[in-house]
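*Asks:* File name protein21.cif; file contents mmCIF, C-alpha atoms; full text below.
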```cif
data_protein
loop_
_atom_site.label_atom_id
_atom_site.label_comp_id
_atom_site.auth_asym_id
_atom_site.auth_seq_id
_atom_site.Cartn_x
_atom_site.Cartn_y
_atom_site.Cartn_z
CA MET A 2 -59.07 27.88 -20.07
CA PRO A 3 -55.30 28.36 -20.41
CA GLU A 4 -53.40 25.80 -22.42
CA PRO A 5 -51.15 23.55 -20.33
CA THR A 6 -47.52 24.50 -20.57
CA ALA A 7 -45.15 21.89 -21.86
CA THR A 8 -43.02 20.43 -19.17
CA ARG A 9 -39.32 20.52 -19.82
CA PRO A 10 -37.69 17.13 -19.33
CA SER A 11 -35.24 17.13 -16.47
CA ALA A 12 -31.61 16.92 -17.42
CA PRO A 13 -29.96 13.63 -16.53
CA LEU A 14 -27.65 13.67 -13.56
CA PRO A 15 -24.00 13.81 -14.56
CA ALA A 16 -22.21 10.54 -14.20
CA ALA A 17 -19.69 10.31 -11.42
CA PRO A 18 -16.21 10.89 -12.80
CA ARG A 19 -14.29 7.70 -13.31
CA ARG A 20 -11.15 7.63 -11.28
CA PRO A 21 -8.11 7.12 -13.50
CA GLY A 22 -5.13 5.06 -12.52
CA PRO A 23 -4.43 1.52 -11.37
CA THR A 24 -7.21 1.08 -8.82
CA PRO A 25 -7.31 -2.54 -7.54
CA ALA A 26 -10.27 -4.49 -8.88
CA GLY A 27 -12.17 -6.55 -6.35
CA TRP A 28 -11.29 -7.55 -2.81
CA TRP A 29 -10.38 -11.20 -3.25
CA LEU A 30 -6.62 -10.57 -3.34
CA ASP A 31 -6.85 -8.39 -0.24
CA ALA A 32 -8.58 -11.27 1.53
CA VAL A 33 -5.87 -13.69 0.36
CA LEU A 34 -3.09 -11.39 1.59
CA LEU A 35 -4.79 -10.91 4.96
CA ALA A 36 -5.37 -14.65 5.33
CA ALA A 37 -1.76 -15.40 4.37
CA LEU A 38 -0.46 -12.91 6.92
CA ALA A 39 -2.72 -14.31 9.64
CA GLY A 40 -1.74 -17.86 8.69
CA LEU A 41 1.97 -17.08 8.80
CA THR A 42 1.60 -15.38 12.18
CA GLY A 43 -0.33 -18.32 13.57
CA ALA A 44 2.24 -20.77 12.22
CA LEU A 45 5.09 -18.87 13.85
CA ALA A 46 3.21 -18.76 17.15
CA ALA A 47 2.87 -22.55 16.89
CA GLY A 48 6.59 -22.98 16.23
CA VAL A 49 6.38 -23.64 12.49
CA PHE A 50 9.11 -22.19 10.21
CA LEU A 51 11.40 -21.39 13.15
CA ASP A 52 13.97 -23.97 12.04
CA THR A 53 13.95 -22.41 8.58
CA ASP A 54 14.52 -18.94 10.05
CA LEU A 55 17.46 -20.22 12.12
CA ALA A 56 18.97 -22.05 9.14
CA VAL A 57 18.76 -18.94 6.94
CA ARG A 58 20.31 -16.77 9.67
CA ASP A 59 23.20 -19.18 10.17
CA TRP A 60 23.80 -19.48 6.42
CA VAL A 61 23.95 -15.73 5.76
CA ASP A 62 26.17 -15.23 8.81
CA ALA A 63 28.62 -17.72 7.29
CA HIS A 64 28.48 -16.19 3.77
CA ARG A 65 28.87 -12.46 4.27
CA PRO A 66 32.20 -11.18 2.91
CA PRO A 67 33.01 -7.49 3.52
CA VAL A 68 32.21 -6.36 -0.03
CA ALA A 69 28.78 -7.99 0.03
CA TYR A 70 28.15 -6.74 3.56
CA TRP A 71 28.77 -3.09 2.69
CA ALA A 72 26.82 -3.33 -0.56
CA ALA A 73 23.85 -4.71 1.36
CA ARG A 74 24.22 -2.01 4.03
CA VAL A 75 24.05 0.74 1.39
CA LEU A 76 21.06 -0.84 -0.35
CA ASN A 77 19.27 -1.41 2.95
CA PHE A 78 19.37 2.32 3.68
CA PHE A 79 16.77 2.84 0.95
CA GLY A 80 14.15 1.28 3.20
CA GLN A 81 14.57 3.80 6.01
CA GLY A 82 11.19 5.40 6.56
CA GLY A 83 11.99 8.16 9.03
CA TRP A 84 15.39 9.10 7.62
CA LEU A 85 14.70 8.85 3.90
CA LEU A 86 11.29 7.88 2.57
CA ILE A 87 9.08 10.17 4.65
CA PRO A 88 11.34 13.24 4.10
CA VAL A 89 11.59 12.58 0.34
CA SER A 90 7.84 12.07 0.05
CA THR A 91 7.19 15.23 2.08
CA VAL A 92 9.45 17.32 -0.17
CA LEU A 93 7.75 15.97 -3.30
CA ALA A 94 4.29 16.53 -1.80
CA LEU A 95 5.09 20.12 -0.81
CA TRP A 96 6.62 20.79 -4.23
CA LEU A 97 3.51 19.50 -6.00
CA ALA A 98 1.20 21.28 -3.53
CA ARG A 99 2.87 24.56 -4.37
CA ARG A 100 2.71 23.87 -8.10
CA VAL A 101 -1.02 23.11 -8.12
CA ARG A 102 -1.97 25.26 -5.12
CA SER A 103 -3.73 22.43 -3.37
CA VAL A 104 -3.30 20.50 -0.14
CA ARG A 105 -4.24 17.23 -1.82
CA PRO A 106 -0.66 16.09 -2.57
CA LEU A 107 -0.11 15.90 1.19
CA LEU A 108 -2.96 13.41 1.64
CA PRO A 109 -1.34 10.22 0.24
CA ALA A 110 1.83 10.87 2.26
CA LEU A 111 -0.24 11.39 5.39
CA GLY A 112 -2.25 8.27 4.61
CA ALA A 113 0.92 6.22 4.23
CA VAL A 114 2.24 7.45 7.58
CA VAL A 115 -0.99 6.54 9.35
CA ALA A 116 -1.33 3.16 7.62
CA THR A 117 2.23 2.00 8.24
CA TYR A 118 2.55 3.24 11.80
CA LEU A 119 -0.79 1.84 12.91
CA SER A 120 -0.30 -1.56 11.27
CA VAL A 121 3.43 -2.24 11.55
CA GLY A 122 3.69 -0.51 14.91
CA ALA A 123 0.75 -2.41 16.37
CA MET A 124 2.03 -5.76 15.15
CA LYS A 125 5.50 -5.14 16.55
CA VAL A 126 4.03 -4.34 19.96
CA LEU A 127 1.43 -7.11 20.04
CA LEU A 128 3.69 -9.81 18.55
CA PRO A 129 7.08 -9.32 20.24
CA ARG A 130 9.87 -11.20 18.54
CA GLY A 131 13.62 -10.96 19.00
CA TYR A 132 16.04 -10.11 16.20
CA PRO A 133 18.30 -12.78 14.66
CA HIS A 134 21.30 -11.62 16.66
CA ASN A 135 19.60 -11.28 20.06
CA PHE A 136 21.99 -13.86 21.46
CA ASP A 137 21.16 -12.89 25.05
CA ASP A 138 17.86 -14.69 24.56
CA PRO A 139 18.17 -18.47 24.02
CA PHE A 140 15.11 -18.47 21.71
CA PRO A 141 14.92 -15.06 19.97
CA GLU A 142 13.18 -16.61 16.96
CA ARG A 143 9.98 -17.28 18.91
CA LEU A 144 6.99 -14.97 18.96
CA PHE A 145 6.05 -13.51 22.36
CA THR A 146 9.68 -13.60 23.40
CA GLU A 147 11.13 -11.71 26.33
CA ALA A 148 14.14 -10.62 24.27
CA THR A 149 15.16 -6.97 24.20
CA PRO A 150 14.57 -5.43 21.74
CA ALA A 151 11.66 -7.56 20.54
CA THR A 152 10.17 -5.67 17.60
CA ALA A 153 11.38 -7.77 14.67
CA TYR A 154 7.99 -8.91 13.37
CA PRO A 155 7.11 -7.84 10.73
CA SER A 156 9.91 -6.14 8.76
CA GLY A 157 9.11 -2.44 8.56
CA HIS A 158 11.78 -1.94 5.89
CA VAL A 159 10.03 -4.28 3.45
CA THR A 160 6.62 -2.75 4.17
CA ASN A 161 8.09 0.73 3.68
CA ALA A 162 9.62 -0.26 0.36
CA ILE A 163 6.23 -1.29 -1.03
CA VAL A 164 4.10 1.56 0.35
CA TRP A 165 6.41 4.57 0.24
CA TYR A 166 7.90 4.03 -3.20
CA ALA A 167 4.35 3.80 -4.56
CA VAL A 168 3.60 7.16 -2.92
CA ILE A 169 6.78 8.63 -4.41
CA ALA A 170 5.78 7.33 -7.87
CA LEU A 171 2.33 8.87 -7.44
CA LEU A 172 3.79 12.28 -6.53
CA ILE A 173 6.30 12.19 -9.39
CA THR A 174 3.42 11.51 -11.76
CA GLY A 175 1.52 14.49 -10.37
CA LEU A 176 4.57 16.71 -10.77
CA LEU A 177 4.96 15.67 -14.41
CA ARG A 178 1.34 16.58 -15.02
CA SER A 179 1.80 19.93 -13.30
CA TYR A 180 4.55 20.75 -15.80
CA GLY A 181 2.26 19.95 -18.73
CA ARG A 182 3.42 16.41 -19.48
CA GLN A 183 0.83 14.03 -20.88
CA VAL A 184 1.41 10.82 -18.98
CA PRO A 185 -0.37 7.47 -19.27
CA ALA A 186 -2.14 6.05 -16.26
CA ARG A 187 -0.18 2.84 -15.71
CA ARG A 188 3.39 3.64 -16.75
CA PRO A 189 3.56 7.41 -16.40
CA PHE A 190 7.33 7.86 -16.61
CA PRO A 191 10.46 5.86 -17.52
CA GLY A 192 11.57 3.75 -14.61
CA TYR A 193 8.10 3.65 -13.05
CA LEU A 194 7.95 -0.12 -12.79
CA ALA A 195 11.52 -0.28 -11.49
CA LEU A 196 10.68 2.28 -8.79
CA ARG A 197 7.65 0.24 -7.78
CA LEU A 198 9.21 -3.24 -7.83
CA LEU A 199 12.97 -3.09 -7.27
CA PRO A 200 12.99 -1.49 -3.78
CA ALA A 201 10.83 -4.26 -2.33
CA ALA A 202 13.05 -6.97 -3.82
CA VAL A 203 16.25 -5.22 -2.71
CA LEU A 204 15.00 -4.56 0.81
CA PHE A 205 13.66 -8.10 1.20
CA CYS A 206 17.02 -9.63 0.25
CA SER A 207 19.31 -7.15 2.02
CA THR A 208 17.35 -7.21 5.28
CA VAL A 209 17.56 -11.00 5.48
CA TYR A 210 21.15 -11.15 4.22
CA LEU A 211 22.37 -8.71 6.86
CA GLY A 212 20.62 -10.63 9.60
CA TYR A 213 18.51 -7.62 10.51
CA HIS A 214 15.34 -9.71 10.28
CA TRP A 215 14.29 -13.31 10.10
CA LEU A 216 13.19 -14.58 6.71
CA THR A 217 9.57 -14.82 7.88
CA ASP A 218 9.72 -11.21 9.16
CA SER A 219 10.38 -10.08 5.61
CA VAL A 220 7.68 -12.35 4.18
CA ALA A 221 5.21 -10.81 6.65
CA GLY A 222 6.40 -7.31 5.71
CA LEU A 223 5.85 -8.14 2.04
CA LEU A 224 2.30 -9.39 2.64
CA LEU A 225 1.42 -6.46 4.88
CA GLY A 226 2.93 -3.88 2.54
CA TRP A 227 1.08 -5.26 -0.47
CA LEU A 228 -2.19 -5.25 1.48
CA LEU A 229 -1.69 -1.67 2.71
CA LEU A 230 -0.82 -0.50 -0.79
CA ARG A 231 -4.01 -1.96 -2.24
CA LEU A 232 -6.04 -0.23 0.46
CA LEU A 233 -4.32 3.12 -0.12
CA GLN A 234 -4.79 2.83 -3.90
CA ARG A 235 -8.53 2.67 -3.36
CA VAL A 236 -8.62 6.13 -1.81
CA PRO A 237 -9.57 8.75 -4.46
CA TRP A 238 -7.04 11.32 -3.28
CA ASP A 239 -8.02 13.80 -5.98
CA THR A 240 -11.76 13.70 -5.27
CA VAL A 241 -12.05 12.69 -1.62
CA ARG A 242 -14.34 15.14 0.15
CA LEU A 243 -12.51 18.00 1.88
CA PRO A 244 -13.87 21.10 3.60
CA ALA A 245 -13.83 24.22 1.45
CA LEU A 246 -10.44 25.83 1.97
CA PRO A 247 -9.43 29.45 1.36
CA GLY A 248 -8.07 30.15 -2.09
CA GLY A 249 -9.36 26.87 -3.45
CA LEU A 250 -6.65 24.86 -1.73
CA ASP A 251 -8.95 21.83 -1.87
CA ARG A 252 -8.79 21.76 -5.71
CA GLN A 253 -7.74 18.63 -7.58
CA ALA A 254 -4.02 18.04 -8.02
CA GLY A 255 -3.68 15.59 -10.89
CA LEU A 256 -3.27 12.54 -8.65
CA PHE A 257 -4.44 9.04 -9.59
#
```
Now that the file is in, can you turn its structure into structure tokens?

*Replies:*
Amino acid sequence: MPEPTATRPSAPLPAAPRRPGPTPAGWWLDAVLLAALAGLTGALAAGVFLDTDLAVRDWVDAHRPPVAYWAARVLNFFGQGGWLLIPVSTVLALWLARRVRSVRPLLPALGAVVATYLSVGAMKVLLPRGYPHNFDDPFPERLFTEATPATAYPSGHVTNAIVWYAVIALLITGLLRSYGRQVPARRPFPGYLALRLLPAAVLFCSTVYLGYHWLTDSVAGLLLGWLLLRLLQRVPWDTVRLPALPGGLDRQAGLF
């Protein structure tokens, strides 16, 4: 009778790779941001905060000397999505894609386009609100106004500043890695925190100061942008499943 052969123990399954980078922990802050945005929207629909918006508009209109006006105009340009942020992000993504021979650097830029256009665009259409200087309408500050144009709520500039500068920081980090730089996960290059934080603060202040948006438009843009950013940071851009592409163009690209 043949001796029983020893069974070889099965090798343990490899652990799933841990995604590096500042991935948001938990969903409680997302829920708070969403609730705050919904609460602000409901308050505006009920007429709350409208007097504050009018008071801020009148104050900035009375305190806008030429030097401050032109400085704010220049700074406000840095929140232009279609003219600045999307082109810059596209150039960086294509540059990194060519360096690493992968399509993955294009994914976060595409994700930011979809997220901002679907959310900001939908809110502007569904919640029509006049701009601070829509003087043809007697009540441009109200939601569901008949003013033209009526796409003030929320501020797309502020949302852009939060989402797109995070994408730019992500792509710069990938480029540094592609050139052999060893970069830490949370502060990968000098000026990283400034690139992430300053644009939102500058766009918030300049947009309100110029009278381009009501104060609450910018608050809503801040809440929405922060929420979108947390959602986008949860996407594992370097390991998200892609179809097999010729030449290995689906390979990882050194993204967080």

*Asks:* If we draw a sphere of 8 Å around (1.1, 16.8, 2.6), which residues have at least one atom in it when counting all atoms listed in the file? Please report them as a PDB file with C-alpha atoms, keeping the file's coordinate frame.

*Replies:*
```pdb
ATOM      1  CA  THR A  91       7.190  15.230   2.080  1.00  0.00           C
ATOM      2  CA  ALA A  94       4.290  16.530  -1.800  1.00  0.00           C
ATOM      3  CA  LEU A  95       5.090  20.120  -0.810  1.00  0.00           C
ATOM      4  CA  ALA A  98       1.200  21.280  -3.530  1.00  0.00           C
ATOM      5  CA  VAL A 104      -3.300  20.500  -0.140  1.00  0.00           C
ATOM      6  CA  ARG A 105      -4.240  17.230  -1.820  1.00  0.00           C
ATOM      7  CA  PRO A 106      -0.660  16.090  -2.570  1.00  0.00           C
ATOM      8  CA  LEU A 107      -0.110  15.900   1.190  1.00  0.00           C
ATOM      9  CA  LEU A 108      -2.960  13.410   1.640  1.00  0.00           C
ATOM     10  CA  PRO A 109      -1.340  10.220   0.240  1.00  0.00           C
ATOM     11  CA  ALA A 110       1.830  10.870   2.260  1.00  0.00           C
ATOM     12  CA  LEU A 111      -0.240  11.390   5.390  1.00  0.00           C
TER      13      LEU A 111
END
```

*Asks:* In the coordinate frame of the file, compute which residues have an atom within 10 Å of (14.6, -6.4, 5.0) when using all atoms listed in the file, and state them as a VMD selection string.

*Replies:* chain A and resid 77 80 155 to 162 201 to 216 218 to 220 222 to 223

*Asks:* Separation of atom CA of Gly48 of chain A and atom CA of Leu144 of chain A, in Å?

*Replies:*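 For atom CA of Gly48 of chain A relative to atom CA of Leu144 of chain A, the distance reads 8.5 Å.
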
*Asks:* At what distance in Å, to one decimal, does atom CA of Leu199 of chain A lie from atom CA of Ala72 of chain A?

*Replies:*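 Computed distance, atom CA of Ala72 of chain A to atom CA of Leu199 of chain A, equals 15.4 Å.
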
*Asks:* Got a sec to resolve the PyMOL selection byres ((chain A and resi 38) around 10) on this structure and send the residues as a list of chain:residue names?

*Replies:*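 On the file shown, the PyMOL selection byres ((chain A and resi 38) around 10) covers A:Ala32, A:Val33, A:Leu34, A:Leu35, A:Ala36, A:Ala37, A:Ala39, A:Gly40, A:Leu41, A:Thr42, A:Gly43, A:Ala44, A:Pro155, A:Val220, A:Ala221, A:Gly222, A:Leu223, A:Leu224, A:Leu225, A:Leu228.
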
*Asks:* Apply the PyMOL selection byres ((chain A and resi 142) around 7) to the file shown and report the selected residues as a PyMOL selection string.

*Replies:* chain A and resi 51+130-131+133+140-141+143-144

*Asks:* Translate the PyMOL selection byres ((chain A and resi 253) around 8) into a concrete residue list for this structure, as a ChimeraX atom specification.

*Replies:* /A:103,105,239-240,251-252,254-256

*Asks:* Output C-alpha atoms for every residue in the selection just made, as a PDB file, in the frame of the given file.

*Replies:*
```pdb
ATOM      1  CA  SER A 103      -3.730  22.430  -3.370  1.00  0.00           C
ATOM      2  CA  ARG A 105      -4.240  17.230  -1.820  1.00  0.00           C
ATOM      3  CA  ASP A 239      -8.020  13.800  -5.980  1.00  0.00           C
ATOM      4  CA  THR A 240     -11.760  13.700  -5.270  1.00  0.00           C
ATOM      5  CA  ASP A 251      -8.950  21.830  -1.870  1.00  0.00           C
ATOM      6  CA  ARG A 252      -8.790  21.760  -5.710  1.00  0.00           C
ATOM      7  CA  ALA A 254      -4.020  18.040  -8.020  1.00  0.00           C
ATOM      8  CA  GLY A 255      -3.680  15.590 -10.890  1.00  0.00           C
ATOM      9  CA  LEU A 256      -3.270  12.540  -8.650  1.00  0.00           C
TER      10      LEU A 256
END
```

*Asks:* To one decimal place, how far is atom CA of Leu246 of chain A from atom CA of Gln183 of chain A in Å?

*Replies:* 28.1 Å

*Asks:* At a cut-off of 8 Å, using only C-alpha atoms, what residues contact Arg235 of chain A? Leave out same-chain residues fewer than 3 positions from it and give the result as a PyMOL selection string.

*Replies:* chain A and resi 24-25+231-232

*Asks:* Could you pull the residues within 10 Å of Ile173 of chain A, counting all atoms listed in the file, minus those fewer than 3 positions along the same chain, as a PyMOL selection string?

*Replies:* chain A and resi 90+93-94+97+167-170+176-179+189-190+193+256

*Asks:* Give me, as an mmCIF file with C-alpha atoms, in the frame of the given file, all polymer residues having an atom no more than 12 Å from Val126 of chain A, counting only C-alpha atoms and skipping those fewer than 5 positions away in the same chain.

*Replies:*
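Heads up, here's the output in part.cif:
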```cif
data_model
loop_
_atom_site.group_PDB
_atom_site.id
_atom_site.type_symbol
_atom_site.label_atom_id
_atom_site.label_comp_id
_atom_site.auth_asym_id
_atom_site.auth_seq_id
_atom_site.Cartn_x
_atom_site.Cartn_y
_atom_site.Cartn_z
ATOM 1 C CA TYR A 118 2.550 3.240 11.800
ATOM 2 C CA LEU A 119 -0.790 1.840 12.910
ATOM 3 C CA SER A 120 -0.300 -1.560 11.270
ATOM 4 C CA VAL A 121 3.430 -2.240 11.550
ATOM 5 C CA GLY A 131 13.620 -10.960 19.000
ATOM 6 C CA LEU A 144 6.990 -14.970 18.960
ATOM 7 C CA PHE A 145 6.050 -13.510 22.360
ATOM 8 C CA THR A 146 9.680 -13.600 23.400
ATOM 9 C CA PRO A 150 14.570 -5.430 21.740
ATOM 10 C CA ALA A 151 11.660 -7.560 20.540
ATOM 11 C CA THR A 152 10.170 -5.670 17.600
ATOM 12 C CA ALA A 153 11.380 -7.770 14.670
ATOM 13 C CA TYR A 154 7.990 -8.910 13.370
ATOM 14 C CA PRO A 155 7.110 -7.840 10.730
#
```
